[in-house]
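Peer 1: The structure under discussion is supplied below as structure tokens; questions concerning it will follow.
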Amino acid sequence: MRRVLISAAHKSSGKTTISIGLCAALKQRGLIVQPFKKGPDYIDPMWLSQASGRACRNLDLYLMERNDIAATFRRHALDADISIVEGNKGLYDGLALDGSNSNAALAKLLDLPVVLVLDARGMTRGIAPLILGYQAFDRDINIAGVILNNLGGSRHESKLRQVIEHYTDVAVIGAVHHDERLRIVERHLGLMPSNESAESENYIRTIGQVIAERVDLDRLLQLVDKTPLPASPAPDITPLPLGDNLRIGIARDRAFGFYYADDLDALEAAGAELVPFDTLHDAHLPDVDALYIGGGFPEMCAAELQANASLRADIRQAIESGMPVYAECGGLMYLARTLTHEGRCYEMVGAIPGDVAMHDRPVGRGYVHLAENAEHPWPRPNHRSGEIRAHEFHYSSLENLPVGTGFAYRVTRGHGIDGQHDGLIYKNLLASYTHLRTIGSCYWASRFVAFARRTRKSQQQDFALHQDSVPAIHL
């Protein structure tokens with residue numbers, strides 16, 4: 001099973017661009033490429049998914065148990081010709097002093113050879129001690145090769161190759177010269193999401209061609225050719241019998257696209273049919289039993305969201321009528337009363353009695369720890385006191401909430417909505433800045449589906465009782 005971790009000495013070295021290019025170039029060769037991304041991230045996986053043609057999977061040493069990571073990796077890598085894992089930050093970077101949640105730790109766990117992407121701008125002989133230091137810091141890490149990035153030209157490349165060959169035993173498997181065609185527009189959360197870019201296909205095609213020319217793909221495949229992973233228990237994702245199927249509307253468009261593939265799998269495994277709708281162009285909601293509105297950048301589409309008044313009215317009415325709705329971050333912003341961005345105020349759905357304001361700096365950023373309150377609408381029997389680990393990254397705040405607003409969570413690490421609470425509750429709506437993952441003791445997807453089923457059944461029974469109580473009219 002070929003597998004490789006694409007890492008770097010530090011963030012912003014170009015490893016995402018290189019990873020996208022490798023996925024596209026190897027796919028163009030006819031290989032089945034399975035992408036993975038370390039850590040909590042939506043944007044890079046969107047690009048990697050589009051480049052490879054397969055859903056990217058997140059591997060998170062802080063949120064996931066080691067067995068779950070190994071099982072998830074094995075399950076999705078087994079039918080691929082090569083698995084490409086893009087790291088986050090630098091190879092040895094992580095929250096823990098002992099490196100237990102670093103990229104290197106993931107490489108050890110999954111027996112991943114490492115290819116370092118080195119931003120070599122302004123470097124010549126100094127690149128040798130950098131590589132030697134990364135090798136010496138942890139001898140259990142297999143640094144199989146390096147890809148030099150942002151080179152000044154062929155002369156610069158030649159000098160670096162000579163230095164690395166003379167002082168180290170690491171293979172140079174690629175040298176990518178500085179090229180403006182390879183630059184993706186960035187935003188405060190990182191790269192611009194691929195679902196917002198009309199040129200994403202052209203970009204991926206271009207970088208795939210550049211990487212095919214500047215990286216020795218045959219040498220890469222040779223260096224990362226590994227034996228099969230040891231067997232590991234697979235997560236239970238056996239789909240439930242559909243029976244009376246539950247339809248969940250899911251916002252999928254330029255404004256909302258932050259969804260974990262494993263969460264969508266879990267919703268379907270719980271018996272839900274996912275029905276996509278477009279908040280920018282669909283005039284009305286589809287026929288659904290519940291809604292899921294994930295994260296994204298609604299502020300970048302605020303004028304279009306405001307203009308689609310008929311859909312906003314449908315969603316407001318659905319929430320007022322008791323439809324189960326789950327919204328995360330961008331979804332919370334959309335369901336609020338107003339959204340203020342760059343000095344302009346836009347009307348949103350209005351189901352949440354509060355107003356969203358954008359800020360220049362992050363309000364909440366990083367991992368969060370949550371404790372469930374008794375008011376949580378999706379009970380988690382016997383686990384209410386257990387801590388939930390998740391993450392947040394938002395530049396907005398929710399303001400002007402009325403006194404007595406109900407919340408599903410108490411925040412013990414992180415910010416959430418007000419620094420102490422998250423998971424605003426209104427009727428059958430749960431909206432939070434926190435992004436959950438259906439892993440470990442959280443398993444939010446199956447809980448939400450079960451809650452939606454109970455709600456639908458209760459509403460059907462109430463309707464039947466109402467019909468029975470209506471007196472017959474005899475003519």
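For the structure tokens, the naming scheme is as follows: chains receive sequential letters (A, B, ...) according to their order of presentation, residues are indexed from 1 within each chain, and ligands are indexed from 1 in presentation order.
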With a distance cut-off of 9 Å and only C-alpha atoms, select the neighbouring residues of Leu132 of chain A, excluding the residue or stretch itself and same-chain residues fewer than 5 positions from it, and output the selection as a list in words.

Peer 2: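 Once the nearby chain positions are removed, what remains is Ile127, Phe137, Tyr167 and Thr168 of chain A.
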
Peer 1: For those residues, write N, CA and C atoms to a file as a PDB file, in the first residue's frame.

Peer 2:
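Below is the file part09.pdb, written as the result:
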```
ATOM      1  N   ILE A 127      20.498  24.831   3.397  1.00  0.00           N
ATOM      2  CA  ILE A 127      19.424  23.843   3.367  1.00  0.00           C
ATOM      3  C   ILE A 127      19.892  22.506   3.914  1.00  0.00           C
ATOM      4  N   PHE A 137      16.477  14.857  14.637  1.00  0.00           N
ATOM      5  CA  PHE A 137      15.565  15.146  15.748  1.00  0.00           C
ATOM      6  C   PHE A 137      14.777  13.917  16.162  1.00  0.00           C
ATOM      7  N   TYR A 167      25.853  16.687   1.143  1.00  0.00           N
ATOM      8  CA  TYR A 167      25.822  16.642   2.603  1.00  0.00           C
ATOM      9  C   TYR A 167      24.806  15.674   3.194  1.00  0.00           C
ATOM     10  N   THR A 168      23.837  15.230   2.412  1.00  0.00           N
ATOM     11  CA  THR A 168      22.777  14.384   2.977  1.00  0.00           C
ATOM     12  C   THR A 168      22.554  13.154   2.107  1.00  0.00           C
TER      13      THR A 168
END
```

Peer 1: Based on the backbone DSSP call, show me all residues of segment 33-122 of chain A assigned alpha helix (DSSP H), as a compact mmCIF listing (two decimals) with N, CA and C atoms, in the first residue's frame.

Peer 2:
```txt
# COMPACT_ATOMS: atom_id res chain seq x y z
N ILE A 43 -11.10 23.59 4.17
CA ILE A 43 -10.77 24.20 2.88
C ILE A 43 -9.77 23.37 2.09
N ASP A 44 -8.65 22.99 2.72
CA ASP A 44 -7.69 22.14 2.01
C ASP A 44 -8.33 20.84 1.53
N PRO A 45 -9.13 20.16 2.37
CA PRO A 45 -9.77 18.94 1.89
C PRO A 45 -10.69 19.15 0.68
N MET A 46 -11.32 20.32 0.57
CA MET A 46 -12.17 20.58 -0.59
C MET A 46 -11.34 20.58 -1.87
N TRP A 47 -10.17 21.22 -1.82
CA TRP A 47 -9.28 21.22 -2.98
C TRP A 47 -8.73 19.82 -3.27
N LEU A 48 -8.31 19.12 -2.22
CA LEU A 48 -7.75 17.78 -2.41
C LEU A 48 -8.80 16.81 -2.95
N SER A 49 -10.04 16.95 -2.50
CA SER A 49 -11.11 16.10 -3.00
C SER A 49 -11.34 16.34 -4.49
N GLN A 50 -11.36 17.60 -4.88
CA GLN A 50 -11.60 17.93 -6.28
C GLN A 50 -10.44 17.46 -7.16
N ALA A 51 -9.22 17.59 -6.65
CA ALA A 51 -8.05 17.19 -7.43
C ALA A 51 -7.96 15.68 -7.62
N SER A 52 -8.36 14.93 -6.60
CA SER A 52 -8.23 13.46 -6.64
C SER A 52 -9.46 12.76 -7.16
N ARG A 66 -6.44 6.91 18.68
CA ARG A 66 -5.46 6.33 17.74
C ARG A 66 -6.05 5.18 16.94
N ASN A 67 -6.85 4.34 17.58
CA ASN A 67 -7.45 3.22 16.86
C ASN A 67 -8.41 3.71 15.78
N ASP A 68 -9.14 4.79 16.08
CA ASP A 68 -10.07 5.34 15.09
C ASP A 68 -9.31 5.90 13.89
N ILE A 69 -8.18 6.56 14.16
CA ILE A 69 -7.38 7.10 13.06
C ILE A 69 -6.87 5.97 12.16
N ALA A 70 -6.31 4.93 12.79
CA ALA A 70 -5.78 3.82 12.00
C ALA A 70 -6.88 3.13 11.21
N ALA A 71 -8.04 2.94 11.82
CA ALA A 71 -9.14 2.26 11.14
C ALA A 71 -9.69 3.12 10.00
N THR A 72 -9.82 4.43 10.24
CA THR A 72 -10.30 5.33 9.19
C THR A 72 -9.34 5.34 8.01
N PHE A 73 -8.06 5.43 8.31
CA PHE A 73 -7.06 5.45 7.23
C PHE A 73 -7.10 4.16 6.43
N ARG A 74 -7.12 3.05 7.12
CA ARG A 74 -7.10 1.76 6.43
C ARG A 74 -8.35 1.58 5.57
N ARG A 75 -9.49 1.95 6.10
CA ARG A 75 -10.74 1.73 5.38
C ARG A 75 -10.77 2.48 4.05
N HIS A 76 -10.27 3.71 4.06
CA HIS A 76 -10.35 4.52 2.84
C HIS A 76 -9.13 4.35 1.94
N ALA A 77 -8.04 3.81 2.48
CA ALA A 77 -6.83 3.65 1.68
C ALA A 77 -6.77 2.31 0.97
N ASN A 103 2.63 16.11 13.36
CA ASN A 103 2.63 15.38 12.10
C ASN A 103 3.54 14.16 12.18
N ALA A 104 4.64 14.32 12.88
CA ALA A 104 5.56 13.19 13.04
C ALA A 104 4.89 12.03 13.77
N ALA A 105 4.08 12.35 14.78
CA ALA A 105 3.36 11.30 15.51
C ALA A 105 2.40 10.57 14.59
N LEU A 106 1.74 11.29 13.69
CA LEU A 106 0.85 10.64 12.73
C LEU A 106 1.65 9.76 11.78
N ALA A 107 2.83 10.22 11.37
CA ALA A 107 3.67 9.42 10.49
C ALA A 107 4.06 8.11 11.16
N LYS A 108 4.36 8.16 12.45
CA LYS A 108 4.71 6.93 13.17
C LYS A 108 3.51 6.00 13.28
N LEU A 109 2.37 6.57 13.62
CA LEU A 109 1.17 5.77 13.83
C LEU A 109 0.79 4.99 12.57
N LEU A 110 0.90 5.64 11.41
CA LEU A 110 0.44 5.02 10.16
C LEU A 110 1.60 4.54 9.29
```

Peer 1: At a cut-off of 9 Å, using only C-alpha atoms, what residues contact Thr405 of chain A? Leave out same-chain residues fewer than 4 positions from it and give the result as a ChimeraX atom specification.

Peer 2: /A:401,424-426

Peer 1: Of the residues A:Asp179, A:Asp216, A:Asn149, A:Gly295, which is the one nearest to Ile250 of chain A, using only C-alpha atoms?

Peer 2: A:Gly295

Peer 1: Ranking A:Arg453, A:Ala212, A:Gly423, A:Thr340 by minimum distance to Val288 of chain A and counting only C-alpha atoms, which one comes first?

Peer 2: A:Arg453

Peer 1: Could you name the residues that touch Gly440 of chain A at 10 Å or less, counting only C-alpha atoms, but leaving out those on the same chain fewer than 4 positions away, as a PyMOL selection string?

Peer 2: chain A and resi 63-65+68+388-389+444

Peer 1: Could you pull out the strand (DSSP E) residues of segment 258-472 of chain A from DSSP and send them as a ChimeraX atom specification?

Peer 2: /A:258,272-277,290-293,295-296,325-328,338-341,344-347,355-358,364-372,388-394,396-399,406-413,421-426,429-432

Peer 1: Set the distance at 9 Å and use only C-alpha atoms: which residues neighbour Gly322 of chain A once local chain neighbours fewer than 5 positions away are removed? I'd like the list as a PDB file with N, CA and C atoms, in the first residue's frame.

Peer 2:
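selection.pdb was written with the following content:
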```
ATOM      1  N   GLN A 317     -39.962  29.867   8.460  1.00  0.00           N
ATOM      2  CA  GLN A 317     -41.220  29.205   8.750  1.00  0.00           C
ATOM      3  C   GLN A 317     -40.998  27.767   9.200  1.00  0.00           C
ATOM      4  N   LYS A 427     -36.613  26.438  19.834  1.00  0.00           N
ATOM      5  CA  LYS A 427     -37.519  25.380  19.388  1.00  0.00           C
ATOM      6  C   LYS A 427     -36.682  24.138  19.076  1.00  0.00           C
ATOM      7  N   ASN A 428     -36.706  23.625  17.847  1.00  0.00           N
ATOM      8  CA  ASN A 428     -35.910  22.441  17.518  1.00  0.00           C
ATOM      9  C   ASN A 428     -34.654  22.783  16.730  1.00  0.00           C
ATOM     10  N   LEU A 429     -34.213  24.049  16.849  1.00  0.00           N
ATOM     11  CA  LEU A 429     -32.963  24.495  16.228  1.00  0.00           C
ATOM     12  C   LEU A 429     -31.829  24.422  17.245  1.00  0.00           C
ATOM     13  N   THR A 455     -39.125  13.637  16.217  1.00  0.00           N
ATOM     14  CA  THR A 455     -39.901  14.856  15.989  1.00  0.00           C
ATOM     15  C   THR A 455     -40.927  14.653  14.887  1.00  0.00           C
ATOM     16  N   GLN A 459     -44.972  14.898  15.336  1.00  0.00           N
ATOM     17  CA  GLN A 459     -45.774  15.841  14.553  1.00  0.00           C
ATOM     18  C   GLN A 459     -46.849  15.121  13.753  1.00  0.00           C
TER      19      GLN A 459
END
```

Peer 1: At what distance in Å, to one decimal, does atom CA of Ala9 of chain A lie from atom CA of Gln28 of chain A?

Peer 2: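 Going from atom CA of Gln28 of chain A over to atom CA of Ala9 of chain A, I get 28.5 Å.
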
Peer 1: Leaving out Tyr326 of chain A and any residue of its chain fewer than 2 positions from it, which residues lie within 12 Å of it when counting only C-alpha atoms, given as a PyMOL selection string?

Peer 2: chain A and resi 248-251+290-295+319+323-324+328-332+335+377-378+408+423-436+444-445+447-449+451-452

Peer 1: For those residues, write C-alpha atoms to a file as a PDB file, in the first residue's frame.

Peer 2:
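again.pdb, written as the output of this step:
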```
ATOM      1  CA  ILE A 248     -32.318  16.037   5.529  1.00  0.00           C
ATOM      2  CA  GLY A 249     -31.838  19.189   3.480  1.00  0.00           C
ATOM      3  CA  ILE A 250     -28.171  20.213   3.356  1.00  0.00           C
ATOM      4  CA  ALA A 251     -26.947  23.623   2.159  1.00  0.00           C
ATOM      5  CA  ALA A 290     -34.817  18.397   8.817  1.00  0.00           C
ATOM      6  CA  LEU A 291     -32.037  20.829   7.834  1.00  0.00           C
ATOM      7  CA  TYR A 292     -28.263  20.829   8.203  1.00  0.00           C
ATOM      8  CA  ILE A 293     -26.487  24.106   7.411  1.00  0.00           C
ATOM      9  CA  GLY A 294     -22.733  23.837   7.839  1.00  0.00           C
ATOM     10  CA  GLY A 295     -19.951  26.374   7.882  1.00  0.00           C
ATOM     11  CA  ILE A 319     -37.930  26.574  12.181  1.00  0.00           C
ATOM     12  CA  MET A 323     -38.471  21.443  12.034  1.00  0.00           C
ATOM     13  CA  PRO A 324     -35.221  20.002  13.484  1.00  0.00           C
ATOM     14  CA  GLU A 328     -22.616  25.312  12.529  1.00  0.00           C
ATOM     15  CA  CYS A 329     -20.734  28.626  12.411  1.00  0.00           C
ATOM     16  CA  GLY A 330     -21.630  29.989   8.954  1.00  0.00           C
ATOM     17  CA  GLY A 331     -25.026  28.340   9.305  1.00  0.00           C
ATOM     18  CA  LEU A 332     -25.539  30.114  12.632  1.00  0.00           C
ATOM     19  CA  LEU A 335     -29.979  32.034  10.642  1.00  0.00           C
ATOM     20  CA  PRO A 377     -32.287  18.675  22.387  1.00  0.00           C
ATOM     21  CA  TRP A 378     -30.529  15.451  21.380  1.00  0.00           C
ATOM     22  CA  ALA A 408     -26.897  23.247  24.775  1.00  0.00           C
ATOM     23  CA  GLY A 423     -25.189  25.698  20.996  1.00  0.00           C
ATOM     24  CA  LEU A 424     -28.048  28.194  20.996  1.00  0.00           C
ATOM     25  CA  ILE A 425     -31.428  26.481  21.301  1.00  0.00           C
ATOM     26  CA  TYR A 426     -34.612  27.819  19.754  1.00  0.00           C
ATOM     27  CA  LYS A 427     -37.519  25.380  19.388  1.00  0.00           C
ATOM     28  CA  ASN A 428     -35.910  22.441  17.518  1.00  0.00           C
ATOM     29  CA  LEU A 429     -32.963  24.495  16.228  1.00  0.00           C
ATOM     30  CA  LEU A 430     -29.457  23.947  17.581  1.00  0.00           C
ATOM     31  CA  ALA A 431     -26.908  26.478  16.273  1.00  0.00           C
ATOM     32  CA  SER A 432     -23.301  26.786  17.407  1.00  0.00           C
ATOM     33  CA  TYR A 433     -19.954  28.248  16.440  1.00  0.00           C
ATOM     34  CA  THR A 434     -18.399  24.911  17.329  1.00  0.00           C
ATOM     35  CA  HIS A 435     -17.787  22.371  14.579  1.00  0.00           C
ATOM     36  CA  LEU A 436     -18.519  18.846  15.821  1.00  0.00           C
ATOM     37  CA  TRP A 444     -23.758  13.743  16.807  1.00  0.00           C
ATOM     38  CA  ALA A 445     -24.936  12.518  13.385  1.00  0.00           C
ATOM     39  CA  ARG A 447     -28.282  11.530  17.514  1.00  0.00           C
ATOM     40  CA  PHE A 448     -29.543  14.244  15.177  1.00  0.00           C
ATOM     41  CA  VAL A 449     -31.149  11.690  12.857  1.00  0.00           C
ATOM     42  CA  PHE A 451     -34.087  13.321  17.104  1.00  0.00           C
ATOM     43  CA  ALA A 452     -35.456  14.231  13.673  1.00  0.00           C
TER      44      ALA A 452
END
```

Peer 1: For Thr206 of chain A, list every protein, DNA or RNA residue within 10 Å, evaluated using only C-alpha atoms, and leave out those in the same chain fewer than 5 positions away; present the list as a tab-separated table (two decimals) with N, CA and C atoms, in the first residue's frame.

Peer 2:
```tsv
chain	number	residue	atom	x	y	z
A	21	GLY	N	-1.34	19.34	-6.45
A	21	GLY	CA	-0.71	18.97	-7.72
A	21	GLY	C	-0.38	17.50	-7.83
A	24	ALA	N	-3.60	15.59	-8.52
A	24	ALA	CA	-4.05	15.77	-9.89
A	24	ALA	C	-3.14	15.04	-10.88
A	25	ALA	N	-1.83	15.13	-10.68
A	25	ALA	CA	-0.88	14.51	-11.60
A	25	ALA	C	-0.96	12.99	-11.57
A	181	ARG	N	1.22	31.25	-11.43
A	181	ARG	CA	0.05	30.44	-11.80
A	181	ARG	C	-0.36	29.48	-10.70
A	182	LEU	N	0.54	29.22	-9.76
A	182	LEU	CA	0.27	28.24	-8.71
A	182	LEU	C	-0.30	28.88	-7.44
A	200	SER	N	-11.49	26.85	-10.35
A	200	SER	CA	-10.81	25.80	-9.60
A	200	SER	C	-10.37	24.64	-10.48
A	201	GLU	N	-11.20	24.23	-11.42
A	201	GLU	CA	-10.82	23.11	-12.31
A	201	GLU	C	-9.60	23.48	-13.14
A	211	ILE	N	3.36	20.12	-11.62
A	211	ILE	CA	3.95	19.11	-10.73
A	211	ILE	C	4.42	17.89	-11.53
A	212	ALA	N	3.67	17.50	-12.53
A	212	ALA	CA	4.09	16.37	-13.37
A	212	ALA	C	5.42	16.66	-14.06
```

Peer 1: Have a look at A:Arg2, A:Arg344, A:Lys37, A:Lys457 and name the one nearest to Ala80 of chain A; count only C-alpha atoms.

Peer 2: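 Closest to Ala80 of chain A, using only C-alpha atoms: A:Arg2.
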
Peer 1: Interatomic distance between atom CA of His341 of chain A and atom CA of Phe297 of chain A?

Peer 2: 11.3 Å
